file data-v5.pdb (PDB, C-alpha atoms and all ligand atoms)
ATOM      1  CA  MET R 814      64.861  99.578 104.695
ATOM      2  CA  THR R 815      68.648  99.594 105.029
ATOM      3  CA  GLY R 816      70.600 101.227 102.213
ATOM      4  CA  LEU R 817      73.962 100.252 100.746
ATOM      5  CA  LEU R 818      75.469 103.606 101.800
ATOM      6  CA  ASP R 819      74.174 103.498 105.400
ATOM      7  CA  THR R 820      77.576 102.313 106.583
ATOM      8  CA  PRO R 821      80.972 103.111 104.995
ATOM      9  CA  ILE R 822      81.704 100.920 101.947
ATOM     10  CA  ARG R 823      84.461 100.621  99.305
ATOM     11  CA  LEU R 824      83.486 101.921  95.903
ATOM     12  CA  TRP R 825      84.962 102.877  92.516
ATOM     13  CA  ILE R 826      84.049 106.040  90.660
ATOM     14  CA  THR R 827      85.113 106.922  87.117
ATOM     15  CA  GLY R 828      85.225 110.412  85.613
ATOM     16  CA  ALA R 829      86.233 111.788  89.016
ATOM     17  CA  THR R 830      88.534 114.517  87.680
ATOM     18  CA  SER R 831      85.819 117.093  87.003
ATOM     19  CA  GLY R 832      82.134 117.965  87.009
ATOM     20  CA  ILE R 833      79.623 115.478  88.392
ATOM     21  CA  GLY R 834      82.143 112.732  89.173
ATOM     22  CA  TYR R 835      84.426 115.101  91.087
ATOM     23  CA  ALA R 836      81.521 116.454  93.169
ATOM     24  CA  VAL R 837      80.068 112.978  93.881
ATOM     25  CA  ALA R 838      83.530 111.683  94.852
ATOM     26  CA  GLN R 839      84.037 114.573  97.292
ATOM     27  CA  ALA R 840      80.563 114.075  98.787
ATOM     28  CA  LEU R 841      81.049 110.310  99.280
ATOM     29  CA  SER R 842      84.547 110.780 100.687
ATOM     30  CA  ASP R 843      83.172 113.366 103.156
ATOM     31  CA  ARG R 844      80.600 110.740 104.253
ATOM     32  CA  GLY R 845      83.411 108.347 105.228
ATOM     33  CA  HIS R 846      83.328 105.908 102.294
ATOM     34  CA  GLN R 847      86.524 104.381 100.852
ATOM     35  CA  LEU R 848      87.002 105.424  97.238
ATOM     36  CA  ILE R 849      89.018 104.345  94.235
ATOM     37  CA  ILE R 850      88.916 107.304  91.849
ATOM     38  CA  THR R 851      89.642 107.222  88.120
ATOM     39  CA  GLY R 852      90.148 109.695  85.285
ATOM     40  CA  ARG R 853      92.895 110.452  82.786
ATOM     41  CA  ARG R 854      94.214 113.585  84.577
ATOM     42  CA  GLU R 855      96.102 112.905  87.774
ATOM     43  CA  ASP R 856      96.134 116.359  89.460
ATOM     44  CA  PRO R 857      92.394 116.610  90.204
ATOM     45  CA  LEU R 858      92.442 113.011  91.501
ATOM     46  CA  ASN R 859      95.302 113.931  93.857
ATOM     47  CA  THR R 860      93.316 116.948  95.084
ATOM     48  CA  ILE R 861      90.431 114.703  96.155
ATOM     49  CA  ALA R 862      92.800 112.159  97.700
ATOM     50  CA  ALA R 863      94.670 114.864  99.667
ATOM     51  CA  ARG R 864      91.500 115.562 101.688
ATOM     52  CA  ALA R 865      91.283 111.965 102.930
ATOM     53  CA  PRO R 866      94.480 110.082 101.959
ATOM     54  CA  ASP R 867      93.605 107.119 104.185
ATOM     55  CA  ARG R 868      90.307 106.549 102.396
ATOM     56  CA  VAL R 869      90.884 107.632  98.773
ATOM     57  CA  THR R 870      93.020 105.703  96.277
ATOM     58  CA  VAL R 871      94.026 107.330  92.994
ATOM     59  CA  ALA R 872      93.793 104.934  90.029
ATOM     60  CA  ARG R 873      94.494 107.026  86.951
ATOM     61  CA  GLY R 874      93.541 105.619  83.561
ATOM     62  CA  ASP R 875      91.530 105.753  80.372
ATOM     63  CA  THR R 876      88.279 103.803  80.685
ATOM     64  CA  THR R 877      88.376 102.870  76.993
ATOM     65  CA  THR R 878      91.806 101.212  77.297
ATOM     66  CA  PRO R 879      91.857  97.576  78.490
ATOM     67  CA  ALA R 880      95.504  97.806  79.682
ATOM     68  CA  ASP R 881      94.656 100.796  81.908
ATOM     69  CA  LEU R 882      91.650  98.962  83.319
ATOM     70  CA  GLU R 883      93.804  95.946  84.054
ATOM     71  CA  ARG R 884      96.065  98.196  86.179
ATOM     72  CA  ILE R 885      93.066  99.848  87.866
ATOM     73  CA  ARG R 886      91.613  96.404  88.683
ATOM     74  CA  ALA R 887      94.618  95.667  90.873
ATOM     75  CA  HIS R 888      93.214  98.226  93.348
ATOM     76  CA  PHE R 889      89.942  96.317  93.643
ATOM     77  CA  ASP R 890      91.520  93.353  95.438
ATOM     78  CA  ASP R 891      91.598  94.220  99.083
ATOM     79  CA  PRO R 892      90.477  92.443 102.217
ATOM     80  CA  ARG R 893      87.462  94.797 102.094
ATOM     81  CA  PRO R 894      85.316  93.984  99.066
ATOM     82  CA  LEU R 895      84.276  96.591  96.522
ATOM     83  CA  GLN R 896      80.515  97.017  96.766
ATOM     84  CA  MET R 897      79.679  99.782  94.319
ATOM     85  CA  ALA R 898      80.958 101.105  90.982
ATOM     86  CA  ILE R 899      79.766 104.508  89.779
ATOM     87  CA  LEU R 900      80.514 104.496  86.044
ATOM     88  CA  ASN R 901      80.295 108.183  85.221
ATOM     89  CA  ALA R 902      83.153 108.882  82.753
ATOM     90  CA  GLY R 903      81.656 110.317  79.598
ATOM     91  CA  THR R 904      82.048 112.683  76.712
ATOM     92  CA  CYS R 905      79.732 114.791  74.563
ATOM     93  CA  GLU R 906      80.748 115.602  71.004
ATOM     94  CA  TYR R 907      78.336 117.384  68.701
ATOM     95  CA  LEU R 908      77.802 116.745  65.019
ATOM     96  CA  ASP R 909      77.916 119.480  62.393
ATOM     97  CA  VAL R 910      75.519 118.001  59.831
ATOM     98  CA  ALA R 911      76.940 120.230  57.047
ATOM     99  CA  ASP R 912      80.272 118.485  57.588
ATOM    100  CA  PHE R 913      78.971 115.033  58.561
ATOM    101  CA  ARG R 914      81.655 112.939  60.197
ATOM    102  CA  SER R 915      80.975 109.454  61.485
ATOM    103  CA  SER R 916      84.025 109.854  63.736
ATOM    104  CA  VAL R 917      81.863 112.092  65.987
ATOM    105  CA  ILE R 918      79.367 109.256  66.444
ATOM    106  CA  GLU R 919      82.211 106.825  67.049
ATOM    107  CA  ALA R 920      83.875 109.033  69.706
ATOM    108  CA  ASN R 921      80.658 109.273  71.741
ATOM    109  CA  ILE R 922      79.976 105.531  71.478
ATOM    110  CA  GLN R 923      83.591 104.650  72.259
ATOM    111  CA  THR R 924      83.724 106.509  75.568
ATOM    112  CA  ASN R 925      80.112 106.345  76.716
ATOM    113  CA  VAL R 926      79.194 102.794  75.683
ATOM    114  CA  ILE R 927      82.345 100.764  74.994
ATOM    115  CA  GLY R 928      84.320 102.415  77.816
ATOM    116  CA  THR R 929      81.509 101.846  80.312
ATOM    117  CA  SER R 930      81.108  98.216  79.249
ATOM    118  CA  ARG R 931      84.872  97.711  79.716
ATOM    119  CA  CYS R 932      84.511  99.105  83.240
ATOM    120  CA  VAL R 933      81.673  96.646  83.922
ATOM    121  CA  GLU R 934      83.903  93.819  82.708
ATOM    122  CA  ALA R 935      86.668  94.994  85.062
ATOM    123  CA  VAL R 936      84.499  95.401  88.141
ATOM    124  CA  LEU R 937      81.978  92.544  87.956
ATOM    125  CA  PRO R 938      84.278  89.911  89.531
ATOM    126  CA  SER R 939      84.741  92.189  92.553
ATOM    127  CA  LEU R 940      81.014  92.850  92.924
ATOM    128  CA  ARG R 941      80.427  89.092  92.652
ATOM    129  CA  ALA R 942      83.015  88.549  95.382
ATOM    130  CA  ALA R 943      81.042  90.941  97.613
ATOM    131  CA  ARG R 944      77.842  88.986  96.923
ATOM    132  CA  ALA R 945      79.638  85.712  97.691
ATOM    133  CA  ARG R 946      80.320  87.171 101.150
ATOM    134  CA  GLY R 947      76.630  88.014 101.536
ATOM    135  CA  LEU R 948      77.164  91.767 101.024
ATOM    136  CA  PRO R 949      75.008  94.001  98.791
ATOM    137  CA  ALA R 950      76.561  95.174  95.521
ATOM    138  CA  GLN R 951      75.480  97.886  93.079
ATOM    139  CA  LEU R 952      76.489  99.110  89.623
ATOM    140  CA  VAL R 953      75.627 102.768  88.983
ATOM    141  CA  ILE R 954      75.608 103.927  85.375
ATOM    142  CA  VAL R 955      75.503 107.631  84.609
ATOM    143  CA  SER R 956      73.460 108.082  81.454
ATOM    144  CA  SER R 957      71.471 111.212  80.510
ATOM    145  CA  SER R 958      67.915 112.336  79.818
ATOM    146  CA  ALA R 959      69.137 114.112  76.634
ATOM    147  CA  TRP R 960      68.260 111.148  74.398
ATOM    148  CA  TRP R 961      64.556 111.325  75.361
ATOM    149  CA  PHE R 962      64.179 114.133  72.775
ATOM    150  CA  PRO R 963      65.908 114.342  69.359
ATOM    151  CA  PHE R 964      68.057 117.422  70.037
ATOM    152  CA  GLY R 965      69.818 118.741  66.940
ATOM    153  CA  ARG R 966      73.592 118.068  66.757
ATOM    154  CA  ALA R 967      73.262 115.417  69.503
ATOM    155  CA  GLU R 968      73.061 112.438  67.106
ATOM    156  CA  GLY R 969      76.232 110.880  68.561
ATOM    157  CA  TYR R 970      75.744 111.809  72.212
ATOM    158  CA  GLY R 971      72.025 110.896  72.258
ATOM    159  CA  ALA R 972      72.625 107.599  70.467
ATOM    160  CA  SER R 973      75.377 106.709  72.934
ATOM    161  CA  LYS R 974      73.232 107.485  75.984
ATOM    162  CA  ALA R 975      70.194 105.654  74.533
ATOM    163  CA  ALA R 976      72.418 102.627  73.970
ATOM    164  CA  LEU R 977      73.958 102.975  77.432
ATOM    165  CA  THR R 978      70.537 103.097  79.103
ATOM    166  CA  TYR R 979      69.360 100.007  77.222
ATOM    167  CA  PHE R 980      72.620  98.284  78.160
ATOM    168  CA  ALA R 981      72.065  99.149  81.844
ATOM    169  CA  HIS R 982      68.442  98.005  81.890
ATOM    170  CA  ALA R 983      69.256  94.688  80.202
ATOM    171  CA  LEU R 984      72.156  94.206  82.612
ATOM    172  CA  ARG R 985      69.751  94.864  85.495
ATOM    173  CA  ALA R 986      67.588  92.002  84.238
ATOM    174  CA  ASP R 987      70.539  89.624  83.853
ATOM    175  CA  LEU R 988      72.188  90.479  87.185
ATOM    176  CA  ALA R 989      68.961  90.352  89.225
ATOM    177  CA  ALA R 990      69.376  86.624  89.870
ATOM    178  CA  GLU R 991      72.818  87.309  91.390
ATOM    179  CA  GLY R 992      71.471  90.081  93.618
ATOM    180  CA  ILE R 993      73.639  92.770  91.953
ATOM    181  CA  GLY R 994      71.579  95.933  91.497
ATOM    182  CA  VAL R 995      71.898  98.374  88.604
ATOM    183  CA  THR R 996      71.042 102.060  89.048
ATOM    184  CA  VAL R 997      70.638 104.380  86.064
ATOM    185  CA  VAL R 998      71.284 108.096  86.632
ATOM    186  CA  SER R 999      69.631 110.396  84.060
ATOM    187  CA  PRO R1000      70.523 114.040  84.698
ATOM    188  CA  GLY R1001      69.169 117.029  82.798
ATOM    189  CA  PHE R1002      71.538 119.973  82.250
ATOM    190  CA  VAL R1003      74.217 120.340  84.931
ATOM    191  CA  LYS R1004      76.782 123.157  84.912
ATOM    192  CA  THR R1005      80.120 121.367  84.342
ATOM    193  CA  PRO R1006      83.081 121.727  81.945
ATOM    194  CA  LEU R1007      81.101 119.435  79.589
ATOM    195  CA  THR R1008      78.136 121.845  79.306
ATOM    196  CA  ASP R1009      80.258 125.035  79.577
ATOM    197  CA  ARG R1010      81.028 124.419  75.873
ATOM    198  CA  ASN R1011      77.321 124.551  74.928
ATOM    199  CA  ASP R1012      76.318 127.692  73.038
ATOM    200  CA  PHE R1013      72.536 127.159  73.312
ATOM    201  CA  PRO R1014      70.033 127.788  76.126
ATOM    202  CA  MET R1015      69.992 124.986  78.715
ATOM    203  CA  PRO R1016      66.603 124.935  80.476
ATOM    204  CA  PHE R1017      66.546 124.117  84.215
ATOM    205  CA  LEU R1018      70.375 124.093  84.389
ATOM    206  CA  ILE R1019      71.443 123.084  87.919
ATOM    207  CA  SER R1020      74.752 123.396  89.765
ATOM    208  CA  VAL R1021      77.135 120.480  90.006
ATOM    209  CA  ASP R1022      76.817 120.410  93.807
ATOM    210  CA  ASP R1023      73.040 120.180  93.484
ATOM    211  CA  ALA R1024      73.448 117.297  90.995
ATOM    212  CA  ALA R1025      75.874 115.484  93.315
ATOM    213  CA  ARG R1026      73.463 115.941  96.250
ATOM    214  CA  ARG R1027      70.595 114.429  94.242
ATOM    215  CA  ILE R1028      72.721 111.477  93.084
ATOM    216  CA  VAL R1029      74.048 110.690  96.574
ATOM    217  CA  ARG R1030      70.545 111.033  98.074
ATOM    218  CA  GLY R1031      69.151 108.686  95.406
ATOM    219  CA  LEU R1032      71.888 106.133  96.102
ATOM    220  CA  GLU R1033      71.320 106.423  99.867
ATOM    221  CA  ARG R1034      67.634 105.693  99.236
ATOM    222  CA  SER R1035      68.556 102.689  97.054
ATOM    223  CA  GLN R1036      66.757 104.180  94.029
ATOM    224  CA  THR R1037      67.308 102.255  90.814
ATOM    225  CA  GLU R1038      66.351 105.250  88.624
ATOM    226  CA  ILE R1039      67.720 108.681  89.580
ATOM    227  CA  GLN R1040      66.305 111.381  87.276
ATOM    228  CA  PHE R1041      66.569 115.140  87.826
ATOM    229  CA  PRO R1042      65.653 117.973  87.789
ATOM    230  CA  LYS R1043      62.068 116.725  87.897
ATOM    231  CA  ARG R1044      60.543 119.650  85.997
ATOM    232  CA  PHE R1045      62.879 118.972  83.060
ATOM    233  CA  THR R1046      62.497 115.185  83.035
ATOM    234  CA  TRP R1047      58.698 115.388  83.382
ATOM    235  CA  ILE R1048      58.481 117.816  80.448
ATOM    236  CA  LEU R1049      60.649 115.503  78.314
ATOM    237  CA  LYS R1050      58.509 112.506  79.294
ATOM    238  CA  ALA R1051      55.283 114.392  78.476
ATOM    239  CA  ILE R1052      56.695 115.422  75.071
ATOM    240  CA  SER R1053      57.772 111.860  74.327
ATOM    241  CA  ALA R1054      54.113 110.780  74.654
ATOM    242  CA  LEU R1055      53.151 113.078  71.738
ATOM    243  CA  PRO R1056      52.810 111.733  68.167
ATOM    244  CA  GLN R1057      56.224 111.435  66.466
ATOM    245  CA  VAL R1058      55.200 113.912  63.770
ATOM    246  CA  VAL R1059      54.679 116.607  66.445
ATOM    247  CA  ILE R1060      58.016 115.791  68.112
ATOM    248  CA  ASP R1061      59.732 115.985  64.701
ATOM    249  CA  ARG R1062      58.295 119.467  64.050
ATOM    250  CA  MET R1063      59.408 120.716  67.477
ATOM    251  CA  ALA R1064      62.891 119.215  67.041
ATOM    252  CA  ALA R1065      63.345 120.669  63.529
ATOM    253  CA  SER R1066      62.212 124.104  64.683
ATOM    254  CA  MET R1067      64.637 123.989  67.648
ATOM    255  CA  ALA R1068      67.485 122.830  65.381
ATOM    256  CA  ARG R1069      66.742 125.695  62.944
ATOM    257  CA  SER R1070      66.743 128.374  65.655
ATOM    258  CA  GLN R1071      69.913 126.878  67.134
ATOM    259  CA  SER R1072      71.749 127.120  63.808
ATOM    260  CA  LYS R1073      70.451 130.720  63.313
ATOM    261  CA  ASP R1074      71.838 131.583  66.797
ATOM    262  CA  GLN R1075      75.172 130.075  65.802
ATOM    263  CA  GLU R1076      75.279 132.107  62.567
ATOM    264  CA  THR R1077      74.541 135.286  64.548
ATOM    265  CA  HIS R1078      77.322 134.511  67.035
ATOM    266  CA  SER R1079      79.897 133.513  64.402
TER     267      SER R1079
HETATM  268  N1  LIG M1101      76.689 117.972  82.615
HETATM  269  C1  LIG M1101      75.507 117.578  82.183
HETATM  270  O1  LIG M1101      74.610 118.408  81.930
HETATM  271  C2  LIG M1101      75.205 116.114  82.041
HETATM  272  C3  LIG M1101      73.878 115.765  81.774
HETATM  273  C4  LIG M1101      73.560 114.421  81.616
HETATM  274  C5  LIG M1101      74.539 113.465  81.760
HETATM  275  N2  LIG M1101      75.824 113.836  82.016
HETATM  276  C6  LIG M1101      76.826 112.768  82.119
HETATM  277  O2  LIG M1101      77.498 112.874  83.345
HETATM  278  C7  LIG M1101      78.817 112.337  83.207
HETATM  279  C8  LIG M1101      79.822 113.341  83.732
HETATM  280  O3  LIG M1101      79.740 114.495  82.927
HETATM  281  P1  LIG M1101      80.194 115.948  83.411
HETATM  282  O4  LIG M1101      79.158 116.889  82.954
HETATM  283  O5  LIG M1101      80.600 115.908  84.812
HETATM  284  O6  LIG M1101      81.438 116.153  82.419
HETATM  285  P2  LIG M1101      82.977 116.520  82.650
HETATM  286  O7  LIG M1101      83.118 117.581  83.694
HETATM  287  O8  LIG M1101      83.519 116.753  81.295
HETATM  288  O9  LIG M1101      83.544 115.166  83.248
HETATM  289  C9  LIG M1101      83.736 114.048  82.458
HETATM  290  C10 LIG M1101      84.608 113.092  83.231
HETATM  291  O10 LIG M1101      84.784 111.905  82.464
HETATM  292  C11 LIG M1101      86.162 111.622  82.390
HETATM  293  N3  LIG M1101      86.474 110.933  81.155
HETATM  294  C12 LIG M1101      86.093 111.258  79.890
HETATM  295  N4  LIG M1101      86.603 110.379  79.016
HETATM  296  C13 LIG M1101      87.319 109.495  79.735
HETATM  297  C14 LIG M1101      88.106 108.362  79.415
HETATM  298  N5  LIG M1101      88.246 107.935  78.141
HETATM  299  N6  LIG M1101      88.718 107.684  80.413
HETATM  300  C15 LIG M1101      88.593 108.088  81.698
HETATM  301  N7  LIG M1101      87.858 109.142  82.061
HETATM  302  C16 LIG M1101      87.256 109.832  81.092
HETATM  303  C17 LIG M1101      86.857 112.975  82.488
HETATM  304  O11 LIG M1101      88.145 112.819  83.028
HETATM  305  P3  LIG M1101      89.527 113.012  82.220
HETATM  306  O12 LIG M1101      89.288 114.014  81.158
HETATM  307  O13 LIG M1101      90.501 113.424  83.293
HETATM  308  O14 LIG M1101      89.800 111.661  81.717
HETATM  309  C18 LIG M1101      85.982 113.676  83.516
HETATM  310  O15 LIG M1101      86.375 113.324  84.817
HETATM  311  C19 LIG M1101      78.988 112.018  81.725
HETATM  312  O16 LIG M1101      78.749 110.634  81.516
HETATM  313  C20 LIG M1101      77.902 112.851  81.069
HETATM  314  O17 LIG M1101      77.477 112.316  79.845
HETATM  315  C21 LIG M1101      76.180 115.136  82.154
END
call {"tool": "encode", "arguments": {"input": "data-v5.pdb", "output": "structure tokens"}}
result
Amino acid sequence: MTGLLDTPIRLWITGATSGIGYAVAQALSDRGHQLIITGRREDPLNTIAARAPDRVTVARGDTTTPADLERIRAHFDDPRPLQMAILNAGTCEYLDVADFRSSVIEANIQTNVIGTSRCVEAVLPSLRAARARGLPAQLVIVSSSAWWFPFGRAEGYGASKAALTYFAHALRADLAAEGIGVTVVSPGFVKTPLTDRNDFPMPFLISVDDAARRIVRGLERSQTEIQFPKRFTWILKAISALPQVVIDRMAASMARSQSKDQETHS
């Protein structure tokens, strides 16, 4: 079977200024692909572009802002069609239930769901143009496996990633007739600036280079679901098969010990 990444293609990646997006962008650039890279901070984007200025285009912008996306879209039109969009930009804000603020839920949904859907809106015409020329086209949506278990304080993040995964799966159904594939990436804990803020144990934490390797390998193999590390995702899947009352007890006990840890450290 031939894969979309077997030969160099043009692709767009969001959230390329740090963590997973930065590492995936470097890996794909090193493999000879042509990249349009997006994030709000310009310096890290320039660092990636400096390694391969002929193949990497910096398109700075906020993925939640339609005007920024309009500007970014201008880079999509090129004699060579865009064949893949890796929509990875995301945020994780935790809720303090003692000081419940709906703005925390809103911030997660705004970046992770609304922002990603705005990116889909911006890129779909280009992917359709690739299909019209008989070329394969793929949307890649970076979700998370965190929402498979009700982790305390993750009400906003988990809800956003659950919604994002549903969005991606429904989009996969709707775009199937057009031959545009949708891949969902569901990582466990990866060491990045996003998780460096976590003050709780992160089981099976992997390095960002390891995560990037697994994502690129999954894309090269044309996988539509990329989930890792397996030991973590299998455990979460096994737990999710338990009765809800058992899951609730486990989740409440974890949330209690997490808040005790926080009290000890504060
Ligand atoms: N690390 C993990 O354990 C883990 C696990 C599961 C899923 N994920 C998901 O993987 C993705 C990448 O996370 P990461 O761990 O690599 O985090 P990170 O190092 O904090 O990177 C997040 C990226 O998203 C960009 N971003 C955030 N808001 C944006 C906005 N409004 N507009 C444009 N870009 C924006 C950031 O760039 P700027 O700040 O420059 O805009 C940055 O490049 C996220 O979707 C995250 O939910 C991570």
call {"tool": "closest_residue", "arguments": {"input": "data-v5.pdb", "among": "R:Glu855, R:Asp819, R:Glu991, R:Asp912", "to": "ligand LIG 1101 (chain M)", "atoms": "all atoms listed in the file"}}
result
R:Glu855
call {"tool": "resolve_selection", "arguments": {"input": "data-v5.pdb", "expression": "the PyMOL selection byres (((not hetatm)) within 8 of (chain M and resi 1101))", "output": "PDB file with C-alpha atoms, in the frame of the given file"}}
result
ATOM      1  CA  THR R 827      85.113 106.922  87.117  1.00  0.00           C
ATOM      2  CA  GLY R 828      85.225 110.412  85.613  1.00  0.00           C
ATOM      3  CA  ALA R 829      86.233 111.788  89.016  1.00  0.00           C
ATOM      4  CA  THR R 830      88.534 114.517  87.680  1.00  0.00           C
ATOM      5  CA  SER R 831      85.819 117.093  87.003  1.00  0.00           C
ATOM      6  CA  GLY R 832      82.134 117.965  87.009  1.00  0.00           C
ATOM      7  CA  ILE R 833      79.623 115.478  88.392  1.00  0.00           C
ATOM      8  CA  GLY R 834      82.143 112.732  89.173  1.00  0.00           C
ATOM      9  CA  TYR R 835      84.426 115.101  91.087  1.00  0.00           C
ATOM     10  CA  THR R 851      89.642 107.222  88.120  1.00  0.00           C
ATOM     11  CA  GLY R 852      90.148 109.695  85.285  1.00  0.00           C
ATOM     12  CA  ARG R 853      92.895 110.452  82.786  1.00  0.00           C
ATOM     13  CA  ARG R 854      94.214 113.585  84.577  1.00  0.00           C
ATOM     14  CA  GLU R 855      96.102 112.905  87.774  1.00  0.00           C
ATOM     15  CA  PRO R 857      92.394 116.610  90.204  1.00  0.00           C
ATOM     16  CA  ARG R 873      94.494 107.026  86.951  1.00  0.00           C
ATOM     17  CA  GLY R 874      93.541 105.619  83.561  1.00  0.00           C
ATOM     18  CA  ASP R 875      91.530 105.753  80.372  1.00  0.00           C
ATOM     19  CA  THR R 876      88.279 103.803  80.685  1.00  0.00           C
ATOM     20  CA  THR R 877      88.376 102.870  76.993  1.00  0.00           C
ATOM     21  CA  THR R 878      91.806 101.212  77.297  1.00  0.00           C
ATOM     22  CA  LEU R 900      80.514 104.496  86.044  1.00  0.00           C
ATOM     23  CA  ASN R 901      80.295 108.183  85.221  1.00  0.00           C
ATOM     24  CA  ALA R 902      83.153 108.882  82.753  1.00  0.00           C
ATOM     25  CA  GLY R 903      81.656 110.317  79.598  1.00  0.00           C
ATOM     26  CA  THR R 904      82.048 112.683  76.712  1.00  0.00           C
ATOM     27  CA  CYS R 905      79.732 114.791  74.563  1.00  0.00           C
ATOM     28  CA  THR R 924      83.724 106.509  75.568  1.00  0.00           C
ATOM     29  CA  ASN R 925      80.112 106.345  76.716  1.00  0.00           C
ATOM     30  CA  GLY R 928      84.320 102.415  77.816  1.00  0.00           C
ATOM     31  CA  VAL R 955      75.503 107.631  84.609  1.00  0.00           C
ATOM     32  CA  SER R 956      73.460 108.082  81.454  1.00  0.00           C
ATOM     33  CA  SER R 957      71.471 111.212  80.510  1.00  0.00           C
ATOM     34  CA  SER R 958      67.915 112.336  79.818  1.00  0.00           C
ATOM     35  CA  ALA R 959      69.137 114.112  76.634  1.00  0.00           C
ATOM     36  CA  TYR R 970      75.744 111.809  72.212  1.00  0.00           C
ATOM     37  CA  LYS R 974      73.232 107.485  75.984  1.00  0.00           C
ATOM     38  CA  VAL R 998      71.284 108.096  86.632  1.00  0.00           C
ATOM     39  CA  SER R 999      69.631 110.396  84.060  1.00  0.00           C
ATOM     40  CA  PRO R1000      70.523 114.040  84.698  1.00  0.00           C
ATOM     41  CA  GLY R1001      69.169 117.029  82.798  1.00  0.00           C
ATOM     42  CA  PHE R1002      71.538 119.973  82.250  1.00  0.00           C
ATOM     43  CA  VAL R1003      74.217 120.340  84.931  1.00  0.00           C
ATOM     44  CA  LYS R1004      76.782 123.157  84.912  1.00  0.00           C
ATOM     45  CA  THR R1005      80.120 121.367  84.342  1.00  0.00           C
ATOM     46  CA  PRO R1006      83.081 121.727  81.945  1.00  0.00           C
ATOM     47  CA  LEU R1007      81.101 119.435  79.589  1.00  0.00           C
ATOM     48  CA  THR R1008      78.136 121.845  79.306  1.00  0.00           C
ATOM     49  CA  LEU R1018      70.375 124.093  84.389  1.00  0.00           C
ATOM     50  CA  VAL R1021      77.135 120.480  90.006  1.00  0.00           C
TER      51      VAL R1021
END
call {"tool": "closest_residue", "arguments": {"input": "data-v5.pdb", "among": "R:Gln839, R:Thr929, R:Ser915, R:Thr820", "to": "R:Ala862", "atoms": "only C-alpha atoms"}}
result
R:Gln839
call {"tool": "resolve_selection", "arguments": {"input": "data-v5.pdb", "expression": "the PyMOL selection byres (((chain R and resi 1017) around 10) and not hetatm)", "output": "ChimeraX atom specification"}}
result
/R:1001-1003,1014-1016,1018-1020,1041-1046
call {"tool": "resolve_selection", "arguments": {"input": "data-v5.pdb", "expression": "the PyMOL selection byres (((chain R and resi 948) around 10) and not hetatm)", "output": "list in words"}}
result
Leu817, Pro894, Leu895, Gln896, Leu940, Arg941, Ala942, Ala943, Arg944, Ala945, Arg946, Gly947, Pro949, Ala950, Gly992 and Ile993 of chain R
call {"tool": "residues_around", "arguments": {"input": "data-v5.pdb", "residues": "R:Leu1032", "least_positions_apart": "6", "cutoff": "12 Å", "atoms": "all atoms listed in the file", "output": "number ranges by chain"}}
result
R: 815-819, 837, 841, 897-899, 950-954, 994-998, 1025-1026, 1038-1040
call {"tool": "write_last_selection", "arguments": {"input": "data-v5.pdb", "atoms": "C-alpha atoms", "output": "compact mmCIF listing (two decimals), in the frame of the given file"}}
result
# COMPACT_ATOMS: atom_id res chain seq x y z
CA THR R 815 68.65 99.59 105.03
CA GLY R 816 70.60 101.23 102.21
CA LEU R 817 73.96 100.25 100.75
CA LEU R 818 75.47 103.61 101.80
CA ASP R 819 74.17 103.50 105.40
CA VAL R 837 80.07 112.98 93.88
CA LEU R 841 81.05 110.31 99.28
CA MET R 897 79.68 99.78 94.32
CA ALA R 898 80.96 101.10 90.98
CA ILE R 899 79.77 104.51 89.78
CA ALA R 950 76.56 95.17 95.52
CA GLN R 951 75.48 97.89 93.08
CA LEU R 952 76.49 99.11 89.62
CA VAL R 953 75.63 102.77 88.98
CA ILE R 954 75.61 103.93 85.38
CA GLY R 994 71.58 95.93 91.50
CA VAL R 995 71.90 98.37 88.60
CA THR R 996 71.04 102.06 89.05
CA VAL R 997 70.64 104.38 86.06
CA VAL R 998 71.28 108.10 86.63
CA ALA R 1025 75.87 115.48 93.32
CA ARG R 1026 73.46 115.94 96.25
CA GLU R 1038 66.35 105.25 88.62
CA ILE R 1039 67.72 108.68 89.58
CA GLN R 1040 66.31 111.38 87.28
call {"tool": "residues_near_point", "arguments": {"input": "data-v5.pdb", "point": "(91.1, 98.2, 97.6)", "cutoff": "10 Å", "atoms": "all atoms listed in the file", "output": "PDB file with C-alpha atoms, in the frame of the given file"}}
result
ATOM      1  CA  ARG R 823      84.461 100.621  99.305  1.00  0.00           C
ATOM      2  CA  LEU R 824      83.486 101.921  95.903  1.00  0.00           C
ATOM      3  CA  TRP R 825      84.962 102.877  92.516  1.00  0.00           C
ATOM      4  CA  GLN R 847      86.524 104.381 100.852  1.00  0.00           C
ATOM      5  CA  LEU R 848      87.002 105.424  97.238  1.00  0.00           C
ATOM      6  CA  ILE R 849      89.018 104.345  94.235  1.00  0.00           C
ATOM      7  CA  ARG R 868      90.307 106.549 102.396  1.00  0.00           C
ATOM      8  CA  VAL R 869      90.884 107.632  98.773  1.00  0.00           C
ATOM      9  CA  THR R 870      93.020 105.703  96.277  1.00  0.00           C
ATOM     10  CA  ARG R 886      91.613  96.404  88.683  1.00  0.00           C
ATOM     11  CA  ALA R 887      94.618  95.667  90.873  1.00  0.00           C
ATOM     12  CA  HIS R 888      93.214  98.226  93.348  1.00  0.00           C
ATOM     13  CA  PHE R 889      89.942  96.317  93.643  1.00  0.00           C
ATOM     14  CA  ASP R 890      91.520  93.353  95.438  1.00  0.00           C
ATOM     15  CA  ASP R 891      91.598  94.220  99.083  1.00  0.00           C
ATOM     16  CA  PRO R 892      90.477  92.443 102.217  1.00  0.00           C
ATOM     17  CA  ARG R 893      87.462  94.797 102.094  1.00  0.00           C
ATOM     18  CA  PRO R 894      85.316  93.984  99.066  1.00  0.00           C
ATOM     19  CA  LEU R 895      84.276  96.591  96.522  1.00  0.00           C
TER      20      LEU R 895
END
call {"tool": "atom_distance", "arguments": {"input": "data-v5.pdb", "atom1": "atom CA of R:Ile927", "atom2": "atom CA of R:Leu1049"}}
result
26.4 Å
